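Since the structure comes first, as structure tokens, the remarks are kept for the end.
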Amino acid sequence: MALREFKKDREYLSANYDRLIQEHKDQFVVIQDEHVVSSGKELGEVLAKARGIIGDAVNHSVVKYLSTRKTEMVV
Amino acid sequence: MRITGTIPKEDLIFVPVEFKIDKFKLEGSADFLIDTGSTTSFINESVVRKIKLDYSQLLYVGNSTGVGGEAEMYEIEGFTRLFFEAGNERKECPRKNFRAMKHNFCEHIPLDVQGKVLALEGILGMDVIKGWRLAIAGSNYTLEV
């Protein structure tokens, strides 16, 4: 059940990516139930704020960094 | 179980995974990158912090080396259970002593680069993938878990 909600939120991010990156440039965002519940530059603060709003549901929320810098990923 | 999808423009295949860590009774969901270039699977720092997993409760096993440098690797004692879903199917993949990565960035690493590295949620490396079948045809992929 939790994974289904997670998938829905990642689809929301994908469908709204262009708008969200304009609103949250180079920031972390936490998405839950198709809403951005927290955003900011520092991961710890963003997660703490999200946890204060949605509690342990943050564990299954989508957390992404919306970077405006195009970089190639080599892992 | 067969997971299918289209490779996005970033040319990276991410698979959504729910996971449960027996020892700490913690659970979460994360996107795992399918990485045939990695020998080891792990959850990355953003996920560790998201679920409030405490590094001090984990066993430090050494540094992991990649093209981008090194990072600390920790072992999560006991079983970490990975769950995959496709349609109405759900499959559990228990992994013993799963790993967690921690980064220590040098000052010269730009903040946005740090953000990108931190936000990588998890890696499914060859230790997990080698038991699967991965097929890529054009921009479509099929993963048989």
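In the structure tokens, chains take the letters A, B, ... in the order shown, each chain's residues start at 1, and ligands count up from 1 in the order shown.
Using only C-alpha atoms, the contacts of Arg10 in chain A at a cut-off of 10 Å, with sequence neighbours closer than 2 positions omitted, comprise Glu5, Phe6, Lys7, Lys8, Tyr12, Leu13, Ser14, Ala15, Asn16, Tyr17, Ile31, Gln32, Glu34, Ser61, Val62, Val63 and Lys64 of chain A; Pro16, Ala30 and Asp31 of chain B.
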Handout entry: Distance query Lys41 in chain A at most 8 Å, only C-alpha atoms, self and fewer than 3 positions along chain excluded, as number ranges by chain
Key = A: 26-28, 46
Practice task
Just need the residues of chain A within 6 Å of chain B, counting only C-alpha atoms, so spit them out as a PyMOL selection string.
Solution key: chain A and resi 3+59-60+64-65
Using DSSP assignments from the backbone, pull out every residue in chain A that falls under alpha helix (DSSP H) and give it to me as an mmCIF file with C-alpha atoms, in the first residue's frame.
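Listed below is the output, result.cif:
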```cif
data_model
loop_
_atom_site.group_PDB
_atom_site.id
_atom_site.type_symbol
_atom_site.label_atom_id
_atom_site.label_comp_id
_atom_site.auth_asym_id
_atom_site.auth_seq_id
_atom_site.Cartn_x
_atom_site.Cartn_y
_atom_site.Cartn_z
ATOM 1 C CA ALA A 2 2.783 2.398 0.972
ATOM 2 C CA LEU A 3 4.652 1.646 -2.229
ATOM 3 C CA ARG A 4 1.562 2.411 -4.293
ATOM 4 C CA GLU A 5 1.346 5.865 -2.688
ATOM 5 C CA PHE A 6 5.071 6.390 -3.232
ATOM 6 C CA LYS A 7 4.668 5.545 -6.923
ATOM 7 C CA LYS A 8 1.767 7.981 -7.199
ATOM 8 C CA ASP A 9 3.869 10.766 -5.705
ATOM 9 C CA ARG A 10 6.828 10.087 -8.005
ATOM 10 C CA GLU A 11 4.413 10.214 -10.953
ATOM 11 C CA TYR A 12 3.118 13.528 -9.614
ATOM 12 C CA LEU A 13 6.685 14.857 -9.489
ATOM 13 C CA SER A 14 7.382 13.674 -13.007
ATOM 14 C CA ALA A 15 4.170 15.191 -14.406
ATOM 15 C CA TYR A 17 8.551 18.638 -12.845
ATOM 16 C CA ASP A 18 8.849 21.818 -14.943
ATOM 17 C CA ARG A 19 6.648 23.815 -12.584
ATOM 18 C CA LEU A 20 8.165 22.394 -9.396
ATOM 19 C CA ILE A 21 11.752 23.070 -10.441
ATOM 20 C CA GLN A 22 10.822 26.695 -11.106
ATOM 21 C CA GLU A 23 9.229 26.978 -7.670
ATOM 22 C CA LEU A 43 18.246 18.208 3.729
ATOM 23 C CA GLY A 44 18.077 17.817 7.512
ATOM 24 C CA GLU A 45 15.866 20.869 7.950
ATOM 25 C CA VAL A 46 13.589 19.851 5.085
ATOM 26 C CA LEU A 47 13.116 16.354 6.497
ATOM 27 C CA ALA A 48 12.543 17.664 10.028
ATOM 28 C CA LYS A 49 9.892 20.080 8.799
ATOM 29 C CA ALA A 50 8.194 17.330 6.786
ATOM 30 C CA ARG A 51 8.230 14.994 9.784
ATOM 31 C CA GLY A 52 6.631 17.728 11.885
ATOM 32 C CA ILE A 53 3.783 17.976 9.377
ATOM 33 C CA ILE A 54 3.177 14.375 8.268
#
```
Practice task
Go through chain A and collect every residue that DSSP, computed from the backbone, puts in strand (DSSP E); the answer should be as an NGL selection string.
Solution key: :A and (27-32 or 35-40 or 62-66)
Save the residues we just selected, C-alpha atoms, as a JSON list (two decimals), in the first residue's frame?
```
[["chain", "number", "residue", "atom", "x", "y", "z"],
["A", 27, "GLN", "CA", 16.18, 22.68, -3.30],
["A", 28, "PHE", "CA", 15.18, 19.44, -1.68],
["A", 29, "VAL", "CA", 11.45, 18.76, -1.79],
["A", 30, "VAL", "CA", 9.34, 16.28, 0.14],
["A", 31, "ILE", "CA", 6.20, 15.19, -1.67],
["A", 32, "GLN", "CA", 3.33, 13.40, 0.04],
["A", 35, "HIS", "CA", 1.68, 17.95, -2.47],
["A", 36, "VAL", "CA", 5.03, 19.51, -1.62],
["A", 37, "VAL", "CA", 4.96, 19.41, 2.16],
["A", 38, "SER", "CA", 8.46, 20.78, 2.72],
["A", 39, "SER", "CA", 11.30, 22.30, 0.69],
["A", 40, "GLY", "CA", 14.62, 24.00, 1.22],
["A", 62, "VAL", "CA", 9.24, 11.17, -2.22],
["A", 63, "VAL", "CA", 12.37, 13.18, -1.41],
["A", 64, "LYS", "CA", 14.15, 14.71, -4.39],
["A", 65, "TYR", "CA", 16.71, 17.38, -5.11],
["A", 66, "LEU", "CA", 15.55, 19.67, -7.93]]
```
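In this model, the gap between CA of Ile136 in chain B and CA of Phe14 in chain B comes to 13.6 Å.
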Exercise for the section: To one decimal in Å, tell me the separation between CA of Leu82 in chain B and CA of Ser41 in chain B. Expected result: 11.3 Å
Exercise for the section: Name the residues in contact with Gly122 in chain B at a cut-off of 6 Å, using only C-alpha atoms, excluding same-chain residues fewer than 2 positions from it; report them as a VMD selection string. Expected result: chain B and resid 32 42 to 44
Would you export the selected residues with N, CA and C atoms as a compact mmCIF listing (two decimals), in the first residue's frame, please?
```txt
# COMPACT_ATOMS: atom_id res chain seq x y z
N PHE B 32 15.40 3.05 -6.30
CA PHE B 32 16.73 2.44 -6.38
C PHE B 32 17.21 2.45 -7.83
N PHE B 42 22.90 -0.69 -1.76
CA PHE B 42 22.84 0.06 -0.50
C PHE B 42 21.75 1.13 -0.55
N ILE B 43 21.38 1.61 0.63
CA ILE B 43 20.57 2.82 0.70
C ILE B 43 21.52 3.99 0.95
N ASN B 44 21.19 5.12 0.37
CA ASN B 44 22.07 6.27 0.47
C ASN B 44 21.63 7.20 1.62
```
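Here CA of His24 in chain A and CA of Pro110 in chain B stand 17.7 Å from one another.
Using only C-alpha atoms, the residues found no farther than 9 Å from Lys23 in chain B, other than those of its own chain fewer than 2 positions away, are Ile21, Lys25, Leu26, Ile76, Glu77, Gly78, Phe79 and Thr80 of chain B.
Checking B:Ala135, B:Ile109, B:Ala71, B:Leu124 one by one against Arg95 in chain B, counting only C-alpha atoms, you find the shortest gap at B:Leu124.
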